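K.L.:
Please see the structure below; I have some questions.
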Amino acid sequence: MQERHDRPADYAEVPLGPLLAQAADAIEEHVEDVAQLDIRRALTMRNHPGDNALTYLNGRLIAHCRTLAVGVQTIPERHRTVRGVRALETWTELAETGPKPGPLGTWSYAHHLAQTARDMLDEIRAHRAQQTAFVGRADLPPIAPATERTAR
């Protein structure tokens, strides 16, 4: 490989690892926030938004479920709660069956997708909170809070 001599004298190489980690955290947070908005929108629907809007919402919820399922699957099985395990099972069923035929098929499908996405998002956030709370002690019991000693 030929060496490059066209770089300026003050050129410096910067390791991208920390920058990419920061960007990944920001992207992950944004994806979760967008998913949360769509989940809330689906769970609070009171009137039928129209077939096109409902189809669009279902597509977004399916995309969120796919993404969140990957997040739940990265949690070691021994650390998954019943909620997380059941959410993955429900997602698999919903992905295989799709919406039921009939006037309320896509409506109830959106509701089920939103509930499943909410459970997966809650599972991911709970696992993350547990991991950050016990840095360096992930497989050990939590440290007991310090007891206050009173001077006598």
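Each chain of the structure tokens is named A, B, ... in the order shown, its residues numbered from 1; ligands are numbered from 1 in display order.
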Could you pull the residues within 9 Å of Gly71 (chain A), counting only C-alpha atoms, minus those fewer than 5 positions along the same chain, as a PyMOL selection string?

P.N.:
chain A and resi 66+120-121+124

K.L.:
Excluding same-chain residues fewer than 4 positions from Gly59 (chain A), what lies within 12 Å of it counting only C-alpha atoms, as a ChimeraX atom specification?

P.N.:
/A:35,38,42,52-55,63-66,95,98-99,106,109-110,113-114

K.L.:
From the options A:Asp122, A:Trp91, A:Ser108, A:Ile62, which residue's atoms come nearest to Arg46 (chain A), counting only C-alpha atoms?

P.N.:
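For Arg46 (chain A), the nearest of the candidates is A:Ser108.
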
K.L.:
For a test of reading the model, state the distance in Å between CA of Ile39 (chain A) and CA of Arg118 (chain A), rounded to one decimal.

P.N.:
6.5 Å

K.L.:
Using DSSP on the backbone coordinates, identify all residues within region 85-126 of chain A classified as helix (DSSP H, G or I); present the result as a ChimeraX atom specification.

P.N.:
/A:85-97,105-126

K.L.:
One number please: CA of Arg41 (chain A) to CA of Ala87 (chain A), in Å, one decimal.

P.N.:
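Interatomic distance, CA of Arg41 (chain A) to CA of Ala87 (chain A): 19.2 Å.
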
K.L.:
Figure out the distance between CA of Gln73 (chain A) and CA of Leu57 (chain A), please, to one decimal in Å.

P.N.:
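Result for CA of Leu57 (chain A) versus CA of Gln73 (chain A): 23.9 Å, one decimal.
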
K.L.:
Residues at most 12 Å from Val72 (chain A), counting only C-alpha atoms, excluding those fewer than 5 positions away in the same chain, as a PyMOL selection string?

P.N.:
chain A and resi 65-67+77-89+91+116-128
